[in-house]
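Just my_file_21.txt here, compact mmCIF, C-alpha atoms:
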```txt
# COMPACT_ATOMS: atom_id res chain seq x y z
CA MET Y 30 185.81 11.68 88.16
CA THR Y 31 186.89 15.27 87.59
CA LEU Y 32 185.95 18.02 90.01
CA GLN Y 33 185.26 21.42 88.45
CA LYS Y 34 184.96 24.72 90.25
CA ILE Y 35 182.53 27.14 88.62
CA ALA Y 36 181.20 30.46 89.92
CA ALA Y 37 177.50 30.83 89.15
CA PHE Y 38 175.64 34.13 88.66
CA SER Y 39 178.91 35.95 88.06
CA ASP Y 40 179.09 39.64 87.24
CA GLY Y 41 181.25 39.54 84.15
CA ASP Y 42 184.63 38.06 85.01
CA THR Y 43 184.19 38.57 88.74
CA GLY Y 44 181.78 37.69 91.53
CA GLY Y 45 179.33 34.86 91.54
CA ASN Y 46 178.96 31.98 93.97
CA PRO Y 47 181.59 29.24 93.67
CA ALA Y 48 180.25 25.70 93.40
CA GLY Y 49 181.92 22.35 93.04
CA VAL Y 50 180.67 20.15 90.19
CA LEU Y 51 181.51 16.47 89.98
CA ILE Y 52 180.15 14.52 86.99
CA ALA Y 53 180.73 10.76 87.19
CA ASP Y 54 179.49 7.51 85.65
CA ALA Y 55 177.80 6.74 88.99
CA LEU Y 56 177.26 8.80 92.12
CA PRO Y 57 179.82 8.20 94.87
CA ALA Y 58 178.68 6.86 98.24
CA VAL Y 59 176.91 9.41 100.44
CA ALA Y 60 179.80 9.53 102.89
CA ASP Y 61 182.20 10.20 100.04
CA MET Y 62 180.03 12.99 98.61
CA GLN Y 63 179.83 14.60 102.05
CA ARG Y 64 183.59 14.30 102.49
CA ILE Y 65 184.31 15.78 99.05
CA ALA Y 66 181.93 18.71 99.68
CA ALA Y 67 183.68 19.42 102.99
CA GLU Y 68 187.08 19.29 101.31
CA VAL Y 69 185.96 21.60 98.51
CA GLY Y 70 184.66 24.01 101.14
CA PHE Y 71 182.19 25.87 98.93
CA SER Y 72 178.63 26.38 100.11
CA GLU Y 73 177.56 23.53 97.80
CA THR Y 74 178.96 20.87 95.52
CA ALA Y 75 176.71 19.23 92.92
CA PHE Y 76 177.19 15.56 92.07
CA ALA Y 77 175.69 14.26 88.82
CA ALA Y 78 175.56 10.89 87.06
CA PRO Y 79 173.62 9.77 83.96
CA GLU Y 80 170.25 8.15 84.62
CA ASP Y 81 167.29 7.34 82.34
CA GLY Y 82 168.34 9.77 79.62
CA GLY Y 83 168.96 12.57 82.09
CA TRP Y 84 171.04 13.19 85.17
CA ARG Y 85 170.65 12.11 88.80
CA VAL Y 86 171.81 15.02 90.95
CA ARG Y 87 172.51 15.46 94.65
CA TYR Y 88 173.81 18.54 96.47
CA PHE Y 89 176.02 18.67 99.55
CA SER Y 90 177.17 21.60 101.66
CA PRO Y 91 180.25 21.19 103.88
CA GLU Y 92 178.00 19.97 106.71
CA SER Y 93 174.86 18.48 105.19
CA GLU Y 94 172.92 17.39 102.11
CA VAL Y 95 170.42 19.93 100.76
CA PRO Y 96 167.41 19.09 98.56
CA PHE Y 97 168.02 21.78 95.94
CA CYS Y 98 170.70 24.36 95.25
CA GLY Y 99 170.22 26.97 92.55
CA HIS Y 100 173.77 28.23 92.07
CA ALA Y 101 175.20 24.70 91.94
CA THR Y 102 172.55 23.85 89.34
CA ILE Y 103 173.66 26.80 87.22
CA ALA Y 104 177.26 25.65 87.61
CA LEU Y 105 176.23 22.11 86.61
CA GLY Y 106 174.40 23.46 83.55
CA ALA Y 107 177.56 25.28 82.46
CA ALA Y 108 179.64 22.14 83.03
CA LEU Y 109 177.24 19.99 81.02
CA ALA Y 110 177.28 22.52 78.17
CA MET Y 111 181.08 22.39 78.10
CA ARG Y 112 181.02 18.58 78.15
CA HIS Y 113 178.05 17.75 75.91
CA GLY Y 114 177.27 20.95 74.03
CA GLU Y 115 174.47 23.43 74.51
CA GLY Y 116 171.07 22.07 75.42
CA VAL Y 117 168.42 21.45 78.03
CA PHE Y 118 169.29 18.74 80.55
CA ALA Y 119 166.76 16.84 82.68
CA LEU Y 120 167.76 16.59 86.35
CA ALA Y 121 166.31 14.15 88.89
CA LEU Y 122 166.75 15.56 92.41
CA ASN Y 123 165.88 13.89 95.70
CA GLN Y 124 162.45 15.49 95.84
CA ALA Y 125 161.76 16.94 92.38
CA ASN Y 126 162.48 16.73 88.67
CA ILE Y 127 163.73 19.92 87.03
CA THR Y 128 165.73 21.07 84.02
CA VAL Y 129 168.78 23.23 83.44
CA GLU Y 130 169.70 24.82 80.12
CA GLY Y 131 173.42 25.30 79.51
CA ARG Y 132 174.76 27.79 76.96
CA ARG Y 133 178.23 28.65 75.65
CA GLU Y 134 179.16 31.53 73.36
CA GLY Y 135 182.91 31.51 72.85
CA ASN Y 136 184.35 31.61 76.34
CA ALA Y 137 181.11 32.98 77.84
CA LEU Y 138 179.03 30.49 79.82
CA SER Y 139 175.48 30.87 81.10
CA ALA Y 140 172.69 28.66 82.36
CA ALA Y 141 169.01 28.81 83.26
CA LEU Y 142 167.20 26.50 85.64
CA GLN Y 143 163.53 25.74 86.04
CA SER Y 144 162.89 25.50 89.75
CA PRO Y 145 160.59 23.06 91.52
CA PRO Y 146 157.09 24.45 92.17
CA THR Y 147 156.98 27.40 94.57
CA ARG Y 148 154.82 28.19 97.58
CA SER Y 149 154.76 30.64 100.46
CA ALA Y 150 152.93 31.29 103.73
CA PRO Y 151 152.99 34.13 106.26
CA ALA Y 152 155.50 33.74 109.09
CA ASP Y 153 153.98 33.89 112.58
CA ASP Y 154 154.97 36.62 115.01
CA ALA Y 155 156.96 34.37 117.35
CA LEU Y 156 159.09 33.09 114.47
CA VAL Y 157 159.71 36.60 113.17
CA ASP Y 158 160.69 37.92 116.60
CA GLU Y 159 163.14 35.04 117.03
CA ALA Y 160 164.67 35.70 113.61
CA LEU Y 161 164.99 39.42 114.26
CA ALA Y 162 166.85 38.72 117.49
CA VAL Y 163 169.25 36.32 115.75
CA PHE Y 164 170.08 38.73 112.91
CA GLY Y 165 170.22 41.97 114.86
CA TYR Y 166 167.05 43.66 113.63
CA ALA Y 167 163.94 45.28 115.10
CA ARG Y 168 160.38 45.33 113.78
CA GLY Y 169 160.94 48.88 112.58
CA ASP Y 170 163.60 47.64 110.14
CA LEU Y 171 161.07 45.58 108.15
CA ASP Y 172 159.37 46.67 104.93
CA PRO Y 173 155.60 46.35 105.52
CA ARG Y 174 154.98 45.96 101.76
CA LEU Y 175 156.76 42.58 101.84
CA PRO Y 176 155.60 40.77 104.98
CA PRO Y 177 157.82 38.06 106.52
CA ALA Y 178 157.07 34.66 105.06
CA ARG Y 179 158.07 31.04 104.79
CA ILE Y 180 158.99 30.62 101.13
CA HIS Y 181 159.77 27.51 99.09
CA GLY Y 182 161.18 26.86 95.65
CA GLY Y 183 162.74 23.44 96.10
CA ALA Y 184 163.99 24.22 99.62
CA ASP Y 185 162.54 26.11 102.60
CA HIS Y 186 163.66 29.65 103.47
CA LEU Y 187 162.55 32.47 105.72
CA LEU Y 188 162.08 35.86 104.03
CA LEU Y 189 162.73 39.08 105.90
CA ALA Y 190 162.37 42.20 103.73
CA LEU Y 191 164.11 45.33 104.97
CA LYS Y 192 163.08 48.89 104.30
CA ASN Y 193 166.46 50.36 103.34
CA ARG Y 194 169.87 49.39 101.98
CA GLU Y 195 171.63 50.42 105.19
CA ALA Y 196 169.68 47.85 107.19
CA LEU Y 197 170.65 45.15 104.70
CA SER Y 198 174.33 46.09 105.02
CA ALA Y 199 174.08 45.98 108.82
CA MET Y 200 173.16 42.28 108.99
CA HIS Y 201 175.20 40.37 111.57
CA TYR Y 202 174.75 37.17 113.53
CA ALA Y 203 176.57 34.43 115.39
CA LEU Y 204 177.02 31.35 113.19
CA ASP Y 205 176.04 28.89 115.93
CA ALA Y 206 172.88 30.86 116.77
CA GLY Y 207 171.96 31.05 113.09
CA ARG Y 208 172.54 27.32 112.68
CA ARG Y 209 170.31 26.48 115.66
CA PHE Y 210 167.57 28.78 114.38
CA MET Y 211 167.60 27.40 110.83
CA ASN Y 212 167.84 23.76 111.88
CA THR Y 213 165.11 24.13 114.50
CA HIS Y 214 162.66 25.59 111.99
CA GLY Y 215 163.73 23.61 108.91
CA PHE Y 216 165.13 26.53 106.92
CA VAL Y 217 168.01 25.97 104.53
CA THR Y 218 168.70 29.71 104.46
CA VAL Y 219 167.28 33.05 105.55
CA LEU Y 220 166.73 35.53 102.72
CA LEU Y 221 167.16 39.20 103.55
CA ALA Y 222 165.89 41.48 100.78
CA TRP Y 223 165.60 45.17 99.99
CA ALA Y 224 163.37 46.39 97.15
CA ASP Y 225 165.14 48.98 95.01
CA GLY Y 226 162.03 49.33 92.85
CA PRO Y 227 159.36 46.81 91.85
CA GLN Y 228 161.67 44.71 89.66
CA HIS Y 229 165.09 45.22 91.23
CA PHE Y 230 166.22 43.79 94.56
CA HIS Y 231 169.34 43.55 96.67
CA THR Y 232 169.61 40.45 98.85
CA ARG Y 233 171.78 38.68 101.41
CA ASN Y 234 171.51 35.01 102.28
CA PRO Y 235 172.85 33.58 105.56
CA PHE Y 236 173.36 29.80 105.16
CA ALA Y 237 174.30 28.75 108.68
CA SER Y 238 172.45 25.43 108.32
CA GLY Y 239 175.17 24.38 105.89
CA GLY Y 240 178.02 25.82 107.94
CA VAL Y 241 178.37 28.89 105.69
CA TYR Y 242 178.01 32.41 107.12
CA GLU Y 243 176.67 33.92 103.89
CA ASP Y 244 176.13 32.94 100.26
CA PRO Y 245 177.06 35.46 97.52
CA ALA Y 246 174.36 34.16 95.12
CA THR Y 247 171.45 31.87 95.95
CA GLY Y 248 169.32 30.63 93.06
CA ALA Y 249 167.00 28.46 95.17
CA ALA Y 250 166.12 31.36 97.48
CA THR Y 251 165.66 33.67 94.48
CA ALA Y 252 163.22 31.19 92.95
CA ALA Y 253 161.32 30.97 96.22
CA PHE Y 254 161.30 34.76 96.54
CA ALA Y 255 160.00 35.16 92.98
CA GLY Y 256 157.18 32.73 93.75
CA TYR Y 257 156.35 34.71 96.89
CA LEU Y 258 156.16 37.95 94.89
CA CYS Y 259 153.64 36.26 92.62
CA ASP Y 260 151.64 35.02 95.62
CA ILE Y 261 151.29 38.48 97.18
CA GLY Y 262 150.48 40.25 93.90
CA TRP Y 263 153.67 42.32 93.79
CA PRO Y 264 153.98 44.41 90.56
CA HIS Y 265 156.91 42.37 89.20
CA GLN Y 266 155.65 42.45 85.58
CA GLY Y 267 156.91 38.92 85.05
CA HIS Y 268 160.60 39.55 85.77
CA ILE Y 269 162.99 40.54 88.56
CA ASP Y 270 166.72 41.26 88.73
CA VAL Y 271 168.63 40.55 91.91
CA VAL Y 272 172.04 41.77 93.08
CA GLN Y 273 173.56 39.69 95.85
CA GLY Y 274 176.98 39.42 97.45
CA GLU Y 275 177.93 43.11 97.35
CA ASP Y 276 178.49 43.27 101.10
CA MET Y 277 180.86 40.30 100.76
CA GLY Y 278 182.85 41.87 97.93
CA MET Y 279 181.50 39.20 95.56
CA ARG Y 280 178.86 41.03 93.54
CA SER Y 281 176.56 38.58 91.78
CA ARG Y 282 173.67 39.04 89.37
CA LEU Y 283 170.60 36.82 89.21
CA ALA Y 284 167.51 37.11 87.03
CA ALA Y 285 164.15 35.38 87.35
CA ASP Y 286 161.10 35.16 85.10
CA ILE Y 287 157.79 34.83 86.95
CA PRO Y 288 154.71 33.22 85.35
CA PRO Y 289 151.31 34.68 86.27
CA GLN Y 290 150.08 31.48 87.94
CA PRO Y 291 150.89 31.19 91.68
CA GLY Y 292 152.87 28.09 92.55
CA SER Y 293 154.59 27.87 89.19
CA SER Y 294 158.15 26.85 88.47
CA ILE Y 295 160.46 29.86 88.22
CA ARG Y 296 163.12 30.34 85.55
CA VAL Y 297 166.29 31.60 87.25
CA TYR Y 298 169.34 32.39 85.14
CA GLY Y 299 172.70 34.07 84.95
CA ALA Y 300 176.29 33.89 83.78
CA ALA Y 301 178.95 31.44 84.96
CA ARG Y 302 182.72 31.41 84.94
CA VAL Y 303 185.22 28.60 85.34
CA MET Y 304 187.53 29.10 88.28
CA THR Y 305 191.21 28.17 88.39
CA LEU Y 306 191.71 24.94 90.34
```

In structure tokens, write the structure found in this file.
Amino acid sequence: MTLQKIAAFSDGDTGGNPAGVLIADALPAVADMQRIAAEVGFSETAFAAPEDGGWRVRYFSPESEVPFCGHATIALGAALAMRHGEGVFALALNQANITVEGRREGNALSAALQSPPTRSAPADDALVDEALAVFGYARGDLDPRLPPARIHGGADHLLLALKNREALSAMHYALDAGRRFMNTHGFVTVLLAWADGPQHFHTRNPFASGGVYEDPATGAATAAFAGYLCDIGWPHQGHIDVVQGEDMGMRSRLAADIPPQPGSSIRVYGAARVMTL
């Protein structure tokens, strides 16, 4: 077993979200995968083993297993392309079957995932008020064009859209309070977004449920967000670009293609770079 460290959704030779990738003949025991993920210390580590012509995949954060992780899937796609050549790889997750396409052009790596089906529903007032209190916001900070919602694209997230970039930069919270909030309501992350035009967004993604204050690039939440934009009839024209991680000093770039049918799988893609062990 060889552990690789790959930053997904990188911005050239910098940025991106580091993920651990471990490809083995068989998946380690659950306790071992959890231990390895904690030792790696990244927000997620993907574990993959061959199964039925594809790959059985599980994702672990330092504190828990998660059903789907977008940036670790991109990292896995890049690792599979380096190991087996370019192609589309079938992935069997705990709760869904998806694909990832890995590409390599010289030293440049990229990957594109097809998310599980998406869905969204309005968030009730009590939930929104609780979230605002946790993350230091008031109702007046929200963008009424993008109402708060429960969003899903392989994992559950809460969306709070903010009406200016300054509000996004001002996000702050206590890790323990964020963890209690996310675990109580079943959210893997909270997605904070600002619309810099109909097809361009800046986001931040607290991941306290996994013991991580903030993720610099979150493919699963981007997929869920793209599905939500389809659900509400946002003028996305079939594509969005997302910048995440700027406030962490880890600028990352994500792209998503959005089919016209609500509930569809979302194609999320970006560059990847191998990190020095």

I want to know what sits within 12 Å of Phe38 (chain Y), based on only C-alpha atoms, with residues of the same chain fewer than 6 positions away left out; could you give that as a PyMOL selection string?
chain Y and resi 44-48+99-104+106-107+138-142+244-248+251+270-274+279-285+297-303

Within 8 Å of Gln124 (chain Y), counting all atoms listed in the file, which residues qualify if same-chain residues fewer than 2 places away don't, as number ranges by chain?
Y: 96, 122, 126, 183

Using only C-alpha atoms: which of Y:Leu187, Y:Ile127, Y:Ala237, Y:Ala155 has the shortest distance to Arg208 (chain Y)
Y:Ala237

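Minimum atom-to-atom distance to Pro91 (chain Y), evaluated using all atoms listed in the file, belongs to Y:Met62 out of Y:Leu175, Y:Met62, Y:Val129, Y:Ala36.
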
When distances are computed from only C-alpha atoms, which of Y:Gly215, Y:Gly240, Y:Pro291, Y:Gly226 shows the smallest separation from Ala255 (chain Y)?
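Closest residue, counting only C-alpha atoms: Y:Pro291.
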
For Asp40 (chain Y), the nearest of the candidates Y:Ala199, Y:Ala137, Y:Thr305, Y:Ala67, counting all atoms listed in the file
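Checking each candidate against Asp40 (chain Y), we get Y:Ala137 as the closest.
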
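One finds CA of Asn123 (chain Y) at 17.4 Å from CA of Ala53 (chain Y).
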
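Of note, CA of Arg209 (chain Y) and CA of Ala160 (chain Y) are spaced 11.0 Å apart.
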
Measure the distance from CA of Pro289 (chain Y) to CA of Leu191 (chain Y) in Å and round it to one decimal.
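Computing it gives 25.0 Å between the two atoms.
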
With 5 Å added on each side, what axis-aligned box encloses every listed atom of region 71-83 of chain Y? Give the centre and edge lengths in Å to one decimal, as JSON.
```
{"center_x": 174.7, "center_y": 16.9, "center_z": 89.9, "size_x": 24.9, "size_y": 29.0, "size_z": 30.5}
```

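Nearest residue to Thr128 (chain Y), choosing from Y:Gly83, Y:Gly267, Y:Pro177, Y:Gly114 and counting only C-alpha atoms: Y:Gly83.
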